Every structure is written in structure tokens, then in C-alpha cells.
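Dropping upload_24.pdb in here (PDB, C-alpha atoms):
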```pdb
MODEL        1
ATOM      1  CA  MET J   1      28.199  12.456  12.524
ATOM      2  CA  SER J   2      28.608  12.332  16.290
ATOM      3  CA  ARG J   3      26.969   9.906  18.687
ATOM      4  CA  LYS J   4      27.041  11.028  22.303
ATOM      5  CA  PRO J   5      25.765   8.752  25.080
ATOM      6  CA  GLN J   6      22.371   9.757  26.431
ATOM      7  CA  PRO J   7      21.799   9.389  30.150
ATOM      8  CA  ALA J   8      19.214   6.830  31.204
ATOM      9  CA  GLN J   9      16.011   8.418  32.421
ATOM     10  CA  SER J  10      13.301   7.165  34.698
ATOM     11  CA  GLY J  11       9.611   7.024  33.918
ATOM     12  CA  ASP J  12       8.521   5.472  30.622
ATOM     13  CA  LYS J  13      12.114   5.101  29.327
ATOM     14  CA  ALA J  14      13.281   1.520  28.877
ATOM     15  CA  ARG J  15      16.416  -0.418  28.045
ATOM     16  CA  LEU J  16      16.868  -3.590  25.984
ATOM     17  CA  GLU J  17      19.930  -5.726  25.264
ATOM     18  CA  VAL J  18      20.234  -7.541  21.917
ATOM     19  CA  ILE J  19      22.856 -10.255  21.348
ATOM     20  CA  PHE J  20      24.132 -11.317  17.913
ATOM     21  CA  ASP J  21      25.910 -14.596  17.155
ATOM     22  CA  LYS J  22      28.442 -13.164  14.687
ATOM     23  CA  PRO J  23      30.020  -9.953  16.056
ATOM     24  CA  GLN J  24      32.308  -9.766  12.996
ATOM     25  CA  LEU J  25      29.260  -8.776  10.929
ATOM     26  CA  LEU J  26      28.206  -5.891  13.143
ATOM     27  CA  GLY J  27      30.539  -3.420  11.437
ATOM     28  CA  GLN J  28      28.432  -3.835   8.279
ATOM     29  CA  VAL J  29      25.258  -3.463  10.338
ATOM     30  CA  PHE J  30      26.539  -0.206  11.871
ATOM     31  CA  GLY J  31      27.730   1.234   8.541
ATOM     32  CA  GLN J  32      30.644   3.544   7.873
ATOM     33  CA  TYR J  33      31.148   5.893  10.829
ATOM     34  CA  ASP J  34      28.057   4.272  12.411
ATOM     35  CA  GLN J  35      25.839   5.963   9.834
ATOM     36  CA  ASN J  36      23.201   3.213  10.019
ATOM     37  CA  LEU J  37      22.983   3.493  13.801
ATOM     38  CA  VAL J  38      22.664   7.273  13.491
ATOM     39  CA  ALA J  39      19.806   6.846  11.016
ATOM     40  CA  ILE J  40      18.000   4.426  13.358
ATOM     41  CA  GLU J  41      18.537   6.660  16.384
ATOM     42  CA  ASN J  42      17.297   9.781  14.569
ATOM     43  CA  ALA J  43      14.264   8.043  13.066
ATOM     44  CA  LEU J  44      13.130   6.219  16.212
ATOM     45  CA  GLY J  45      14.370   8.491  19.004
ATOM     46  CA  VAL J  46      16.529   5.847  20.684
ATOM     47  CA  TYR J  47      20.158   5.529  21.723
ATOM     48  CA  ILE J  48      22.196   2.447  20.755
ATOM     49  CA  ALA J  49      25.416   1.439  22.515
ATOM     50  CA  ALA J  50      27.587  -1.482  21.324
ATOM     51  CA  ARG J  51      29.995  -3.699  23.232
ATOM     52  CA  GLY J  52      31.273  -6.852  21.560
ATOM     53  CA  ASN J  53      28.331  -8.848  20.236
ATOM     54  CA  LYS J  54      25.843  -7.013  22.460
ATOM     55  CA  LEU J  55      23.818  -3.914  21.647
ATOM     56  CA  GLN J  56      21.983  -1.915  24.283
ATOM     57  CA  ILE J  57      19.021   0.157  23.127
ATOM     58  CA  GLU J  58      17.493   2.899  25.280
ATOM     59  CA  GLY J  59      14.290   4.857  24.695
ATOM     60  CA  GLU J  60      10.521   4.469  24.614
ATOM     61  CA  ALA J  61       9.409   0.830  24.787
ATOM     62  CA  GLU J  62       7.747   0.841  21.370
ATOM     63  CA  SER J  63      10.726   2.588  19.737
ATOM     64  CA  ILE J  64      13.117   0.105  21.319
ATOM     65  CA  ALA J  65      11.140  -2.798  19.871
ATOM     66  CA  ARG J  66      11.231  -1.227  16.415
ATOM     67  CA  ALA J  67      14.962  -0.519  16.675
ATOM     68  CA  ARG J  68      15.557  -4.145  17.657
ATOM     69  CA  ASP J  69      13.596  -5.326  14.609
ATOM     70  CA  VAL J  70      15.486  -2.977  12.294
ATOM     71  CA  LEU J  71      18.874  -4.108  13.612
ATOM     72  CA  THR J  72      17.806  -7.750  13.327
ATOM     73  CA  GLY J  73      16.597  -7.179   9.789
ATOM     74  CA  LEU J  74      19.908  -5.599   8.764
ATOM     75  CA  TYR J  75      21.886  -8.371  10.469
ATOM     76  CA  ASN J  76      19.858 -11.114   8.754
ATOM     77  CA  ARG J  77      20.387  -9.551   5.336
ATOM     78  CA  ILE J  78      24.144  -9.520   5.865
ATOM     79  CA  VAL J  79      24.062 -13.134   7.101
ATOM     80  CA  HIS J  80      22.293 -14.039   3.847
ATOM     81  CA  GLY J  81      25.028 -12.330   1.821
ATOM     82  CA  GLN J  82      22.983  -9.290   0.827
ATOM     83  CA  GLU J  83      24.340  -5.776   0.652
ATOM     84  CA  ILE J  84      22.728  -2.982   2.640
ATOM     85  CA  ASP J  85      22.763   0.733   1.963
ATOM     86  CA  ALA J  86      20.985   3.858   3.169
ATOM     87  CA  GLY J  87      17.876   2.904   1.188
ATOM     88  CA  THR J  88      17.776  -0.521   2.823
ATOM     89  CA  VAL J  89      18.032   1.031   6.278
ATOM     90  CA  SER J  90      15.301   3.561   5.515
ATOM     91  CA  GLY J  91      13.050   0.854   4.086
ATOM     92  CA  ILE J  92      13.421  -1.462   7.072
ATOM     93  CA  ILE J  93      12.774   1.435   9.462
ATOM     94  CA  SER J  94       9.541   2.168   7.577
ATOM     95  CA  MET J  95       8.503  -1.486   7.590
ATOM     96  CA  SER J  96       9.178  -1.797  11.312
ATOM     97  CA  ALA J  97       6.019   0.236  11.929
ATOM     98  CA  GLU J  98       3.916  -2.456  10.243
ATOM     99  CA  PRO J  99       2.504  -4.930  12.789
ATOM    100  CA  THR J 100       2.037  -7.646  10.147
ATOM    101  CA  LEU J 101       5.644  -7.889   9.000
ATOM    102  CA  ASP J 102       7.037 -10.275  11.634
ATOM    103  CA  GLY J 103       7.765 -12.886   8.969
ATOM    104  CA  ILE J 104       9.805 -10.408   6.952
ATOM    105  CA  ILE J 105      11.781  -8.606   9.636
ATOM    106  CA  LYS J 106      11.900 -10.845  12.725
ATOM    107  CA  ASN J 107      12.249 -14.338  11.260
ATOM    108  CA  ASP J 108      15.796 -15.053  12.467
ATOM    109  CA  ALA J 109      15.568 -18.813  11.940
ATOM    110  CA  ALA J 110      14.697 -18.765   8.255
ATOM    111  CA  ASP J 111      17.496 -19.666   5.877
ATOM    112  CA  VAL J 112      16.347 -16.992   3.446
ATOM    113  CA  PRO J 113      13.969 -14.033   3.701
ATOM    114  CA  PRO J 114      10.365 -15.044   2.853
ATOM    115  CA  VAL J 115      10.060 -12.486   0.031
ATOM    116  CA  MET J 116      12.948 -11.930  -2.363
ATOM    117  CA  ILE J 117      13.945 -11.822  -6.038
ATOM    118  CA  ARG J 118      17.203 -13.441  -7.153
ATOM    119  CA  THR J 119      18.973 -12.245 -10.308
ATOM    120  CA  ARG J 120      22.456 -12.849 -11.723
ATOM    121  CA  LYS J 121      23.888  -9.757 -10.041
ATOM    122  CA  LYS J 122      21.965  -9.368  -6.790
ATOM    123  CA  THR J 123      19.242 -10.543  -4.457
ATOM    124  CA  ILE J 124      16.456  -8.010  -4.015
ATOM    125  CA  VAL J 125      14.303  -7.798  -0.895
ATOM    126  CA  PRO J 126      11.354  -5.458  -0.236
ATOM    127  CA  ARG J 127      11.946  -2.021   1.220
ATOM    128  CA  SER J 128       8.346  -1.145   2.059
ATOM    129  CA  ALA J 129       5.126  -2.901   3.017
ATOM    130  CA  THR J 130       3.651  -2.153  -0.404
ATOM    131  CA  GLN J 131       6.691  -3.654  -2.108
ATOM    132  CA  ILE J 132       6.008  -6.890  -0.217
ATOM    133  CA  ARG J 133       2.464  -7.057  -1.622
ATOM    134  CA  TYR J 134       3.783  -6.140  -5.069
ATOM    135  CA  MET J 135       6.490  -8.811  -5.060
ATOM    136  CA  GLU J 136       3.922 -11.396  -3.976
ATOM    137  CA  ALA J 137       1.577 -10.291  -6.768
ATOM    138  CA  LEU J 138       4.393 -10.611  -9.319
ATOM    139  CA  VAL J 139       4.511 -14.359  -8.726
ATOM    140  CA  ARG J 140       0.784 -14.915  -8.168
ATOM    141  CA  ASN J 141      -1.236 -12.924 -10.703
ATOM    142  CA  ASP J 142      -1.412 -12.901 -14.500
ATOM    143  CA  ILE J 143      -1.787  -9.136 -14.929
ATOM    144  CA  ILE J 144      -0.515  -6.632 -12.367
ATOM    145  CA  PHE J 145      -1.152  -2.886 -12.401
ATOM    146  CA  ALA J 146       1.463  -0.985 -10.351
ATOM    147  CA  LEU J 147       0.351   2.583  -9.691
ATOM    148  CA  GLY J 148       2.238   5.336  -7.891
ATOM    149  CA  PRO J 149       4.950   7.979  -7.935
ATOM    150  CA  ALA J 150       8.496   7.661  -9.213
ATOM    151  CA  GLY J 151      11.038   6.017  -6.944
ATOM    152  CA  THR J 152       8.745   3.359  -5.457
ATOM    153  CA  GLY J 153      10.344   0.469  -7.351
ATOM    154  CA  LYS J 154       7.414  -0.305  -9.655
ATOM    155  CA  THR J 155       9.394  -0.859 -12.843
ATOM    156  CA  TYR J 156      12.635  -1.969 -11.207
ATOM    157  CA  LEU J 157      11.015  -4.823  -9.279
ATOM    158  CA  ALA J 158       9.015  -5.893 -12.325
ATOM    159  CA  VAL J 159      12.197  -6.059 -14.426
ATOM    160  CA  ALA J 160      13.991  -7.954 -11.649
ATOM    161  CA  GLN J 161      11.186 -10.527 -11.432
ATOM    162  CA  ALA J 162      11.130 -10.836 -15.218
ATOM    163  CA  VAL J 163      14.898 -11.412 -15.312
ATOM    164  CA  SER J 164      14.592 -14.000 -12.543
ATOM    165  CA  GLN J 165      11.934 -15.918 -14.482
ATOM    166  CA  LEU J 166      13.934 -15.669 -17.712
ATOM    167  CA  ILE J 167      17.004 -17.089 -15.964
ATOM    168  CA  THR J 168      15.058 -20.006 -14.483
ATOM    169  CA  GLY J 169      13.345 -20.741 -17.803
ATOM    170  CA  SER J 170       9.768 -20.204 -16.623
ATOM    171  CA  VAL J 171       9.379 -17.730 -19.517
ATOM    172  CA  ASP J 172      11.115 -17.699 -22.898
ATOM    173  CA  ARG J 173      11.122 -13.962 -23.514
ATOM    174  CA  LEU J 174      11.222 -10.660 -21.680
ATOM    175  CA  ILE J 175       9.391  -7.848 -23.459
ATOM    176  CA  LEU J 176       9.772  -4.274 -22.187
ATOM    177  CA  SER J 177       7.715  -1.474 -23.657
ATOM    178  CA  ARG J 178       6.602   2.085 -23.036
ATOM    179  CA  PRO J 179       5.056   4.944 -25.006
ATOM    180  CA  ALA J 180       8.020   6.332 -26.952
ATOM    181  CA  VAL J 181       6.764   9.913 -26.939
ATOM    182  CA  GLU J 182       4.274  11.294 -24.441
ATOM    183  CA  ALA J 183       1.444  12.109 -26.858
ATOM    184  CA  GLY J 184       1.036   9.823 -29.826
ATOM    185  CA  GLU J 185       4.589   8.525 -30.409
ATOM    186  CA  ARG J 186       5.411  11.106 -33.091
ATOM    187  CA  LEU J 187       9.037  10.222 -33.776
ATOM    188  CA  GLY J 188       9.578  11.485 -37.317
ATOM    189  CA  PHE J 189      11.246  14.751 -36.359
ATOM    190  CA  LEU J 190      13.984  13.006 -34.358
ATOM    191  CA  PRO J 191      17.312  12.244 -36.099
ATOM    192  CA  GLY J 192      18.592   8.712 -36.711
ATOM    193  CA  ASP J 193      17.045   5.335 -37.457
ATOM    194  CA  MET J 194      14.121   3.905 -35.460
ATOM    195  CA  LYS J 195      16.327   2.410 -32.721
ATOM    196  CA  GLU J 196      18.148   5.725 -32.254
ATOM    197  CA  LYS J 197      14.805   7.523 -32.120
ATOM    198  CA  VAL J 198      13.226   5.390 -29.423
ATOM    199  CA  ASP J 199      16.193   4.343 -27.264
ATOM    200  CA  PRO J 200      16.288   7.571 -25.197
ATOM    201  CA  TYR J 201      12.678   6.966 -24.136
ATOM    202  CA  LEU J 202      13.444   3.354 -23.185
ATOM    203  CA  ARG J 203      16.620   4.117 -21.231
ATOM    204  CA  PRO J 204      15.084   3.487 -17.768
ATOM    205  CA  LEU J 205      14.276  -0.058 -18.864
ATOM    206  CA  TYR J 206      17.853  -0.601 -20.036
ATOM    207  CA  ASP J 207      19.129   0.736 -16.691
ATOM    208  CA  ALA J 208      17.057  -1.795 -14.731
ATOM    209  CA  LEU J 209      18.274  -4.613 -16.973
ATOM    210  CA  TYR J 210      21.941  -3.742 -16.550
ATOM    211  CA  ASP J 211      21.436  -3.578 -12.785
ATOM    212  CA  THR J 212      20.121  -7.162 -12.652
ATOM    213  CA  LEU J 213      22.126  -8.893 -15.413
ATOM    214  CA  PRO J 214      25.788  -8.693 -16.459
ATOM    215  CA  ALA J 215      26.208  -6.374 -19.450
ATOM    216  CA  GLU J 216      27.359  -9.121 -21.807
ATOM    217  CA  GLN J 217      24.248 -11.174 -21.005
ATOM    218  CA  VAL J 218      21.977  -8.209 -21.631
ATOM    219  CA  GLU J 219      23.550  -7.616 -25.059
ATOM    220  CA  ARG J 220      23.525 -11.312 -25.952
ATOM    221  CA  ARG J 221      19.910 -11.812 -24.934
ATOM    222  CA  ILE J 222      18.810  -8.688 -26.809
ATOM    223  CA  SER J 223      20.634  -9.902 -29.923
ATOM    224  CA  SER J 224      19.021 -13.346 -29.677
ATOM    225  CA  GLY J 225      15.544 -11.891 -29.150
ATOM    226  CA  GLU J 226      15.159 -13.242 -25.610
ATOM    227  CA  ILE J 227      14.915  -9.638 -24.431
ATOM    228  CA  GLU J 228      12.988  -7.169 -26.558
ATOM    229  CA  ILE J 229      12.732  -3.462 -25.795
ATOM    230  CA  ALA J 230      10.347  -1.551 -28.024
ATOM    231  CA  PRO J 231       7.728   1.216 -28.029
ATOM    232  CA  ILE J 232       4.138   0.138 -27.547
ATOM    233  CA  ALA J 233       3.278   0.717 -31.219
ATOM    234  CA  PHE J 234       5.473  -2.288 -32.076
ATOM    235  CA  MET J 235       3.158  -4.604 -30.106
ATOM    236  CA  ARG J 236       0.233  -4.297 -32.519
ATOM    237  CA  GLY J 237      -0.861  -7.519 -34.228
ATOM    238  CA  ARG J 238       1.185  -9.844 -32.006
ATOM    239  CA  THR J 239       0.346 -12.561 -29.485
ATOM    240  CA  LEU J 240       2.929 -12.667 -26.707
ATOM    241  CA  ALA J 241       3.062 -16.224 -25.315
ATOM    242  CA  GLU J 242       5.601 -17.678 -22.859
ATOM    243  CA  SER J 243       6.633 -14.099 -22.072
ATOM    244  CA  PHE J 244       7.046 -11.672 -19.210
ATOM    245  CA  ILE J 245       5.719  -8.381 -20.554
ATOM    246  CA  ILE J 246       6.206  -4.986 -18.900
ATOM    247  CA  LEU J 247       4.626  -1.696 -19.944
ATOM    248  CA  ASP J 248       6.217   1.339 -18.304
ATOM    249  CA  GLU J 249       4.842   4.909 -18.179
ATOM    250  CA  ALA J 250       1.436   3.437 -18.940
ATOM    251  CA  GLN J 251      -0.366   6.625 -17.918
ATOM    252  CA  ASN J 252       0.673   8.038 -21.297
ATOM    253  CA  THR J 253      -1.214   5.450 -23.322
ATOM    254  CA  THR J 254      -4.629   6.100 -24.798
ATOM    255  CA  PRO J 255      -7.513   3.696 -24.020
ATOM    256  CA  ASN J 256      -7.157   2.196 -27.514
ATOM    257  CA  GLN J 257      -3.417   1.648 -27.039
ATOM    258  CA  MET J 258      -4.002   0.052 -23.643
ATOM    259  CA  LYS J 259      -6.697  -2.264 -25.006
ATOM    260  CA  MET J 260      -4.381  -3.262 -27.850
ATOM    261  CA  PHE J 261      -1.533  -3.954 -25.418
ATOM    262  CA  LEU J 262      -3.608  -5.961 -22.928
ATOM    263  CA  THR J 263      -5.053  -8.143 -25.656
ATOM    264  CA  ARG J 264      -1.528  -9.205 -26.716
ATOM    265  CA  PHE J 265      -1.532 -11.467 -23.645
ATOM    266  CA  GLY J 266      -0.731 -15.076 -24.561
ATOM    267  CA  MET J 267      -0.487 -18.480 -22.884
ATOM    268  CA  ASN J 268       1.896 -18.909 -19.930
ATOM    269  CA  SER J 269       2.665 -15.196 -19.803
ATOM    270  CA  ARG J 270       2.674 -12.496 -17.153
ATOM    271  CA  MET J 271       2.024  -8.810 -17.777
ATOM    272  CA  VAL J 272       2.918  -5.843 -15.554
ATOM    273  CA  ILE J 273       1.621  -2.342 -16.292
ATOM    274  CA  CYS J 274       3.422   0.444 -14.405
ATOM    275  CA  GLY J 275       2.493   4.097 -14.260
ATOM    276  CA  ASP J 276       1.723   7.199 -12.233
ATOM    277  CA  PRO J 277      -1.891   8.333 -12.793
ATOM    278  CA  ARG J 278      -0.958  11.807 -11.533
ATOM    279  CA  GLN J 279       1.679  12.371 -14.220
ATOM    280  CA  VAL J 280      -0.276  12.074 -17.464
ATOM    281  CA  ASP J 281       1.396  13.880 -20.387
ATOM    282  CA  LEU J 282      -1.370  13.359 -22.922
ATOM    283  CA  PRO J 283      -3.075  16.486 -24.314
ATOM    284  CA  ASP J 284      -6.207  15.427 -22.419
ATOM    285  CA  PRO J 285      -5.147  13.756 -19.137
ATOM    286  CA  SER J 286      -8.670  12.435 -18.625
ATOM    287  CA  LYS J 287      -8.147  10.150 -21.635
ATOM    288  CA  SER J 288      -5.401   8.081 -20.029
ATOM    289  CA  GLY J 289      -5.576   4.412 -20.918
ATOM    290  CA  LEU J 290      -4.133   3.458 -17.526
ATOM    291  CA  ALA J 291      -6.964   4.952 -15.489
ATOM    292  CA  ASP J 292      -9.513   3.538 -17.932
ATOM    293  CA  ALA J 293      -8.042   0.025 -17.697
ATOM    294  CA  VAL J 294      -7.870   0.034 -13.891
ATOM    295  CA  ASN J 295     -11.493   1.197 -13.684
ATOM    296  CA  ARG J 296     -12.570  -1.638 -15.974
ATOM    297  CA  LEU J 297     -10.375  -4.462 -14.680
ATOM    298  CA  GLU J 298      -9.902  -3.988 -10.942
ATOM    299  CA  GLY J 299     -11.523  -6.956  -9.256
ATOM    300  CA  VAL J 300     -11.322  -9.200 -12.329
ATOM    301  CA  GLU J 301      -9.912 -12.652 -11.505
ATOM    302  CA  GLY J 302      -6.204 -12.868 -12.265
ATOM    303  CA  VAL J 303      -5.755  -9.089 -12.188
ATOM    304  CA  SER J 304      -4.039  -7.345  -9.267
ATOM    305  CA  VAL J 305      -3.821  -3.601  -8.616
ATOM    306  CA  ILE J 306      -1.011  -2.401  -6.310
ATOM    307  CA  ARG J 307      -1.030   1.251  -5.260
ATOM    308  CA  PHE J 308       2.157   2.922  -4.024
ATOM    309  CA  ASN J 309       2.385   6.318  -2.326
ATOM    310  CA  ALA J 310       5.059   8.745  -1.127
ATOM    311  CA  ALA J 311       5.832   6.578   1.915
ATOM    312  CA  ASP J 312       7.010   3.823  -0.462
ATOM    313  CA  VAL J 313       9.655   5.957  -2.204
ATOM    314  CA  VAL J 314      12.995   4.154  -1.817
ATOM    315  CA  ARG J 315      15.270   6.782  -3.329
ATOM    316  CA  HIS J 316      16.868   9.558  -1.277
ATOM    317  CA  PRO J 317      14.484  10.508   1.586
ATOM    318  CA  ILE J 318      14.041  13.987   0.113
ATOM    319  CA  VAL J 319      12.363  12.416  -2.933
ATOM    320  CA  GLY J 320       9.600  11.107  -0.688
ATOM    321  CA  ARG J 321       9.157  14.565   0.831
ATOM    322  CA  ILE J 322       9.002  16.116  -2.643
ATOM    323  CA  VAL J 323       6.338  13.612  -3.706
ATOM    324  CA  GLU J 324       4.331  14.353  -0.564
ATOM    325  CA  ALA J 325       4.531  18.089  -1.267
ATOM    326  CA  TYR J 326       3.231  17.635  -4.804
ATOM    327  CA  GLU J 327       0.503  15.215  -3.718
ATOM    328  CA  GLY J 328      -0.843  17.348  -0.891
ATOM    329  CA  PRO J 329      -4.523  18.327  -0.540
ATOM    330  CA  ASP J 330      -4.091  21.376  -2.798
ATOM    331  CA  SER J 331      -2.378  19.492  -5.599
ATOM    332  CA  ALA J 332      -4.001  18.293  -8.779
ATOM    333  CA  PRO J 333      -2.915  15.986 -11.589
ATOM    334  CA  ARG J 334      -1.116  17.718 -14.438
TER
ENDMDL
END
```

Let me see the structure of the file written as C-alpha cells.
Amino acid sequence: MSRKPQPAQSGDKARLEVIFDKPQLLGQVFGQYDQNLVAIENALGVYIAARGNKLQIEGEAESIARARDVLTGLYNRIVHGQEIDAGTVSGIISMSAEPTLDGIIKNDAADVPPVMIRTRKKTIVPRSATQIRYMEALVRNDIIFALGPAGTGKTYLAVAQAVSQLITGSVDRLILSRPAVEAGERLGFLPGDMKEKVDPYLRPLYDALYDTLPAEQVERRISSGEIEIAPIAFMRGRTLAESFIILDEAQNTTPNQMKMFLTRFGMNSRMVICGDPRQVDLPDPSKSGLADAVNRLEGVEGVSVIRFNAADVVRHPIVGRIVEAYEGPDSAPR
């Protein structure tokens, strides 16, 4: 990656100087070989020059303002002891286009970012405007439907919030579930006992857990029953009180399964239902329990529906472009 100075131009070009109190942190802001600055320059069409604790930004006035906000957002995260990576940079660049995010990106004086999730292993902050609304809903509503493509953080953020509440004692149990097999949970042909049959389908939930809790705590809490990971069929006949309950891949439930799951809701609990309505693997996609439940419950008090799209994908940028290609005007649900 090369960064060559761009000559200042007249006309509508502008220049802005930004000063940071702790120049020793700027190396982390810039990234290895200035990769974060390169990403900001390429995305916003600006040029950034550094000298000591001062950064000079050149470009269009609006782009300069966004670049300043992105750099400030990265700096504040480092000040608060948070790690930043390419996904963080991309997310903050995306959020900088939102005029309502001053409290998230520009609030230099706050001791901590206004929206965040703390777990044993990391502190998680939003990477898109929709993630902000989602994280707020996770602490405000009883039942949250999170709809959208893979890579938008639907399940990951729900697991992180659940772990945070389990750590603080606001819930006694964390229950993670998903349809074990796409159409009807027919597991008999698979080798092994029931745990060996269903674990491969639940692996994404395990991955999120291990990313937010030390491995020994995950194993201990699973053994004690504080964390339960099971296919949706195992929820029948139960009342889940004092629990944070997450259903992943909910688009592959039938309406009867979804009704059964939703009615497990008990006192002092929170329930999050995650899924992509465009990726239904049931024999008849029109019979998805997720779409049916959202149609029935959207607008009901205590229920929140958060919709993600390709712009909210926080994986490698090419994933967002792939999602956009598949969700174009000529696409149709599978």
C-alpha cells in the first residue's frame, strides 16, 4: 500500500487539521503500514497527512468532516481500551454517513461509548446504524426479531448480550437453539448419540460463545446447565423463566414450531429470534414460521423487529457485495 501526497487544489477542496491529546495512540489508529488511513482515504476520497499529534485532512468539505469523525471514533475506541480491526474501520466509515450518530461517533467527552456490550473477553460496539438500533432493542424489548443476511451480527450480538446479562446475574440461564436440520429435524440417519447428531448444526452458537467467554467458563456453565444449547424440538413442554433465549436460523421453523417456541416465554426473560427470510430451506418456503410470526406480531407491545440489509454486513467487504448481488431486483427467495 502506498500513500503519495496529493497536491492541494483550489475550488471546492478544503483542508482541516485535527489534534489528538495522546499521539502515542495514533499508531494504532493508523494501523499496520497505515492500512486504516488507506481505507479511509479510498472510501471517502480524502488525503490524510500526519505530523506528531496533528492530522491534516484534504478533500471535499463533507468528506473531510466524515474522515474526521471516523478518525475520532477510532481514537476514542483505543482510548477506551478496545481493539480495532478492518471491520471496525469499515463499520465506522459506514456510520459516518448517518447524520443522527453524533452521540456514537463524535462524543469525545464520554467516558465510555453510549452503546456497547461488555463480556469477559471483549467489549463490543456497533459497526452499523442498524446494529445500534438492535443493541438498544436487546436491552429494551422482551422479544426481538432480527431479520437479514448472514454477516450482519444478528446472532453474535444476541449471544454477546446474553452472556453479558448472565455474567451480571440479570438472568439465570442462557438458552441457545436452532432447527437442527433444515426441514423437520430428521436426525435418525446421522451417526452417534443425540449430542453428536445435533452439535454440527449448533456450531455457530458455540463459536459466538467461545468468542465472548473463556473456554473453561463455557464448558463449566454448559455442564452446570447455566448455558443450554439444543435443537428447537427440545423446547417443547417447557416454560423458560429467568432466561435469555435465542433462536437462530428461525426461517427454517414451521409456524407450529415458532408458536411452540414463542409460548415458552417465561417471567423475567428475553427472547431473540434471528433469521434470514430470503434463505428458507423448508420444502415450501412460503410456510416459514419466521415470516408468519413477524406478520402476526410486528407492532405488538414488547416486540421489536430489526431489519438488516447488505449495507450492515460486517464481514469482509466482498461479503456485502455478494449479498447485494443476490438481493438485487432480479433475485428471488430460494

Discussion item. Using the chain letters and numbers from this file, what does the PyMOL selection byres ((chain J and resi 213) around 12) select? Give the answer as a PyMOL selection string.
Written reply: chain J and resi 118-123+159-164+166-167+206-212+214-222+227

Determine the residue membership of the PyMOL selection byres ((chain J and resi 147) around 7) for the file above and supply it as a tab-separated table (two decimals) with C-alpha atoms, in the frame of the given file.
```tsv
chain	number	residue	atom	x	y	z
J	145	PHE	CA	-1.15	-2.89	-12.40
J	146	ALA	CA	1.46	-0.98	-10.35
J	148	GLY	CA	2.24	5.34	-7.89
J	274	CYS	CA	3.42	0.44	-14.40
J	275	GLY	CA	2.49	4.10	-14.26
J	276	ASP	CA	1.72	7.20	-12.23
J	277	PRO	CA	-1.89	8.33	-12.79
J	306	ILE	CA	-1.01	-2.40	-6.31
J	307	ARG	CA	-1.03	1.25	-5.26
J	308	PHE	CA	2.16	2.92	-4.02
```

Practice prompt. For J:Gly266, please output as a ChimeraX atom specification all residues within 6 Å (counting only C-alpha atoms; exclusion window: fewer than 2 positions along the same chain).
Written response: /J:239-241,269

Fill in: Atom-to-atom span, atom CA of J:Ala158 and atom CA of J:Ile318, Å
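Taking atom CA of J:Ala158 as the start and atom CA of J:Ile318 as the end point, the length is 24.0 Å.
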
Practice prompt. Do a neighbour search on J:Ala150 at 12 Å with all atoms listed in the file, toss out local chain neighbours closer than 4 positions, and write the hits as a list of chain:residue names.
Written response: J:Ala146, J:Lys154, J:Thr155, J:Tyr156, J:Pro204, J:Asp248, J:Glu249, J:Cys274, J:Gly275, J:Asp276, J:Pro277, J:Arg278, J:Gln279, J:Phe308, J:Asn309, J:Ala310, J:Ala311, J:Asp312, J:Val313, J:Val314, J:Arg315, J:His316, J:Val319, J:Gly320, J:Ile322, J:Val323, J:Glu324

Worksheet item: Skipping near chain neighbours, those fewer than 6 positions away, what residues fall within 9 Å of J:Ile64 using only C-alpha atoms, listed as number ranges by chain?
Response: J: 14-16, 44-47, 57-58

Worksheet item: So which residues fall inside 10 Å of (0.0, -9.6, -23.5) if we count all atoms listed in the file? Mind giving them as a PyMOL selection string?
Response: chain J and resi 142-143+175+235+238-247+260-267+269-272

Worksheet item: Any idea what the distance is between atom CA of J:Ala67 and atom CA of J:Glu41?
Response: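 Value for the atom CA of J:Ala67-atom CA of J:Glu41 distance: 8.0 Å.
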
Fill in: Between atom CA of J:Pro149 and atom CA of J:Asp85 - distance in Å to one decimal
21.6 Å

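Comparing the minimum interatomic distances between J:Val300 and each of J:Ile144, J:Ile232, J:Ala49, J:Leu25, counting all atoms listed in the file, we find that J:Ile144 sits nearest.
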
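Residues matching the PyMOL selection byres ((chain J and resi 128) around 8) in this structure come to J:Gly91, J:Ile92, J:Ser94, J:Met95, J:Pro126, J:Arg127, J:Ala129, J:Thr130, J:Gln131, J:Ile132, J:Asp312.
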
Discussion item. My list of candidates is J:Gly27, J:Gly302, J:Gly87, J:Gly59. Which is closest to J:Gly151 when distances are computed with only C-alpha atoms?
Written reply: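 Smallest distance to J:Gly151 is found for J:Gly87.
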